[in-house]
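Visitor: Before I ask anything, let me first share the structure, which is written out below as structure tokens.
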Amino acid sequence: MAPVIKLNNGLDMPQVGFGLWKVPNDVCAEVVYNAIKVGYRLFDGAADYGNEVECGQGIARAIKEGLVKREDLFIVSKLWNTFHDGDRVEPIVKKQLADWGIDYFDLYLIHFPVALEYVDPSVRYPPGWHYDGKSEIRPSKASIQETWTAMESLVDKGLAKSIGISNFQAQLIYDLLRYARIRPATLQIEHHPYLVQPELLKLAKKEGIAVTAYSSFGPASFQEFNMEHATKLTPLLEDETIKKIASKYEREPSQVLLRWATQRGLAIIPKSNSPSRMKANFESVNFDLSEEDIATISAMDRNIRFNQPSNYFPTEMLWIFG
Ligand code: NAD
């Protein structure tokens, strides 16, 4: 049985999911279909990934062929920054659902705690970070409270079964918990041995918020942005400590990095377009690391974040993650 995490609203979420960022449009339907065949049931999408139509085609094919039913799947999507104004939330969710060809999301997240001015989908979709599609950053006045209240109404209307947050730090979470009528079910964060964030994990646990780790292989996802850290640090998949632990268990370094997260209770959403890697990632829960090896990996922490807004625009908004 594939492991699940019990959310604070009583619903089950698969612990191992499939990430959809940078899955190219031309192969996306096939990749999603193959991932379902491998056994994945959770798919982690977003408006910003620009491939929700193709993701939907992949699941439609699997459902049509009788591999799965809709209720066997756990579809996650995210609210992009330009749709934070309270009255923009429901219309964009309805568009995203139509793109997927489904009538509810299992989980819908605020992608970033960053409100940007609305860009109509007829102008550009997905809109990205820049108002003009090039360089201009235009904040919107929507508070997190305004956005969260609109997120809550998605649950009331049956458009999302659970709602959650992503890329939030402690201060904002505490603030949100003051007024939340529906508490966030999950927090999705960058998490790998170079960015462990133990205090944030402790907070989430205490508050009953499940944590999903993204970019489990650290710098691997961010090399293309030419960031100093991402290109200079030893890639985690080639790190000697990780490789040594992997050979001890006769597993891949990738499986060690994923198991380090799941064994500590986190959900994971690795992405791969290759069927063999997909399978290896999915099967990473089939062995256990010793407590000592887990501690050795956790001690690699350097508090280095790769998913920085400064990858996408000048330093003017570096304050976002503190
Ligand atoms: P990842 O850590 O899953 O993958 C990083 C790179 O490693 C990719 O190039 C992938 O092809 C490769 N890879 C995958 N499996 C491998 C294996 N077994 N061996 C060797 N290489 C392998 O990175 P990611 O895409 O950054 O994160 C996973 C998912 O998390 C995304 O697809 C997305 O759904 C989500 N995500 C969310 C946010 C957010 O802001 N909420 C940000 C980044 C990613």
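By order in the structure tokens, chains are A, B, ...; within a chain, residues start at 1; ligands start at 1, following the order shown.
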Do a neighbour search on Asp293 (chain A) at 10 Å with only C-alpha atoms, toss out local chain neighbours closer than 3 positions, and write the hits as a list in words.
Guide: Thr241, Ile242, Ile245, Val256, Trp260, Asp288, Leu289, Ser290, Thr296, Ile297, Ser298 and Ala299 of chain A
Visitor: Which residues are near ligand 1 in this structure, taking near to mean any atom at most 6 Å from a ligand atom and counting only C-alpha atoms and all ligand atoms? Format them as a CSV table (one decimal) with C-alpha atoms, in the first residue's frame.
Guide:
```csv
chain,number,residue,atom,x,y,z
A,19,GLY,CA,5.8,17.2,-9.5
A,20,LEU,CA,4.8,18.9,-12.8
A,21,TRP,CA,7.0,22.0,-12.9
A,44,ASP,CA,1.4,18.6,-8.1
A,45,GLY,CA,0.5,21.2,-10.7
A,111,HIS,CA,1.8,29.4,-4.5
A,166,SER,CA,3.4,27.3,-0.1
A,188,GLN,CA,4.7,23.2,0.6
A,214,TYR,CA,9.9,20.3,-3.0
A,215,SER,CA,13.2,20.3,-4.9
A,216,SER,CA,14.4,17.3,-2.9
A,217,PHE,CA,17.6,17.1,-5.0
A,220,ALA,CA,19.6,20.2,-9.5
A,221,SER,CA,16.5,22.2,-10.4
A,254,SER,CA,18.1,10.1,-5.3
A,269,ILE,CA,6.8,15.4,-5.1
A,270,PRO,CA,9.8,14.6,-7.3
A,271,LYS,CA,9.5,15.2,-11.0
A,272,SER,CA,11.1,13.1,-13.7
A,277,ARG,CA,13.7,7.5,-12.6
A,280,ALA,CA,12.9,4.7,-8.6
A,281,ASN,CA,11.5,7.9,-7.0
```
Visitor: Considering only C-alpha atoms, return as a list in words whatever protein or nucleic-acid residues lie within 8 Å of Val285 (chain A), sequence-local ones (same chain, fewer than 5 positions apart) excluded.
Guide: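 Once the adjacent positions are removed, what remains is Leu258, Arg259, Thr262 and Gln263 of chain A.
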Visitor: Nearest to Val76 (chain A): which of A:Leu116, A:Met13, A:Ala230, A:Leu257 is it, counting only C-alpha atoms?
Guide: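 Distance minimum relative to Val76 (chain A) lands on A:Met13.
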Visitor: Taking the DSSP assignment computed from this structure's backbone, write out as a list in words all residues of region 96-209 of chain A that belong to strand (DSSP E or B).
Guide: Phe105, Asp106, Leu107, Tyr108, Leu109, Ile110, Leu116, Pro139, Ala160, Lys161, Ser162, Ile163, Gly164, Ile165, Ser166, Thr186, Leu187, Gln188, Ile189, Glu190, His192 and Leu195 of chain A
Visitor: Can you spit out the residues from that selection as a PDB file, in the first residue's frame, using C-alpha atoms?
Guide:
```pdb
ATOM      1  CA  PHE A 105      -9.050  20.018  -6.766  1.00  0.00           C
ATOM      2  CA  ASP A 106      -8.072  17.739  -3.902  1.00  0.00           C
ATOM      3  CA  LEU A 107      -5.749  20.466  -2.677  1.00  0.00           C
ATOM      4  CA  TYR A 108      -5.327  24.069  -3.775  1.00  0.00           C
ATOM      5  CA  LEU A 109      -2.398  26.149  -2.496  1.00  0.00           C
ATOM      6  CA  ILE A 110      -1.406  29.799  -2.418  1.00  0.00           C
ATOM      7  CA  LEU A 116       0.790  41.012  -7.825  1.00  0.00           C
ATOM      8  CA  PRO A 139       2.301  44.566  -6.425  1.00  0.00           C
ATOM      9  CA  ALA A 160     -11.281  22.366  -3.486  1.00  0.00           C
ATOM     10  CA  LYS A 161     -11.411  19.652  -0.843  1.00  0.00           C
ATOM     11  CA  SER A 162      -8.418  21.038   1.038  1.00  0.00           C
ATOM     12  CA  ILE A 163      -6.525  24.314   0.913  1.00  0.00           C
ATOM     13  CA  GLY A 164      -2.967  25.131   1.857  1.00  0.00           C
ATOM     14  CA  ILE A 165       0.013  27.413   1.469  1.00  0.00           C
ATOM     15  CA  SER A 166       3.426  27.346  -0.134  1.00  0.00           C
ATOM     16  CA  THR A 186      -0.468  21.610   4.030  1.00  0.00           C
ATOM     17  CA  LEU A 187       2.613  23.783   3.690  1.00  0.00           C
ATOM     18  CA  GLN A 188       4.745  23.187   0.599  1.00  0.00           C
ATOM     19  CA  ILE A 189       8.354  24.309   0.938  1.00  0.00           C
ATOM     20  CA  GLU A 190      11.790  23.912  -0.574  1.00  0.00           C
ATOM     21  CA  HIS A 192      16.660  19.272   1.011  1.00  0.00           C
ATOM     22  CA  LEU A 195      17.904  23.795   3.405  1.00  0.00           C
TER      23      LEU A 195
END
```
Visitor: Which residues are near Lys279 (chain A)? Cut-off 12 Å, only C-alpha atoms, ignore same chain within fewer than 2 positions. Put them as a list in words.
Guide: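 Surrounding residues, per the criterion: Val16, Gly17, Phe18, Asn34, Ala35, Ile36, Lys37, Val38, Gly39, Tyr40, Glu252, Ser254, Gln255, Pro270, Lys271, Ser272, Asn273, Ser274, Pro275, Ser276, Arg277, Asn281, Phe282, Glu283, Ser284, Val285 and Asn286 of chain A.
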Visitor: Which of these, A:Gly265, A:Pro198, A:Pro309, A:Gly208, has the shortest distance to Phe112 (chain A) once you count only C-alpha atoms?
Guide: A:Pro309
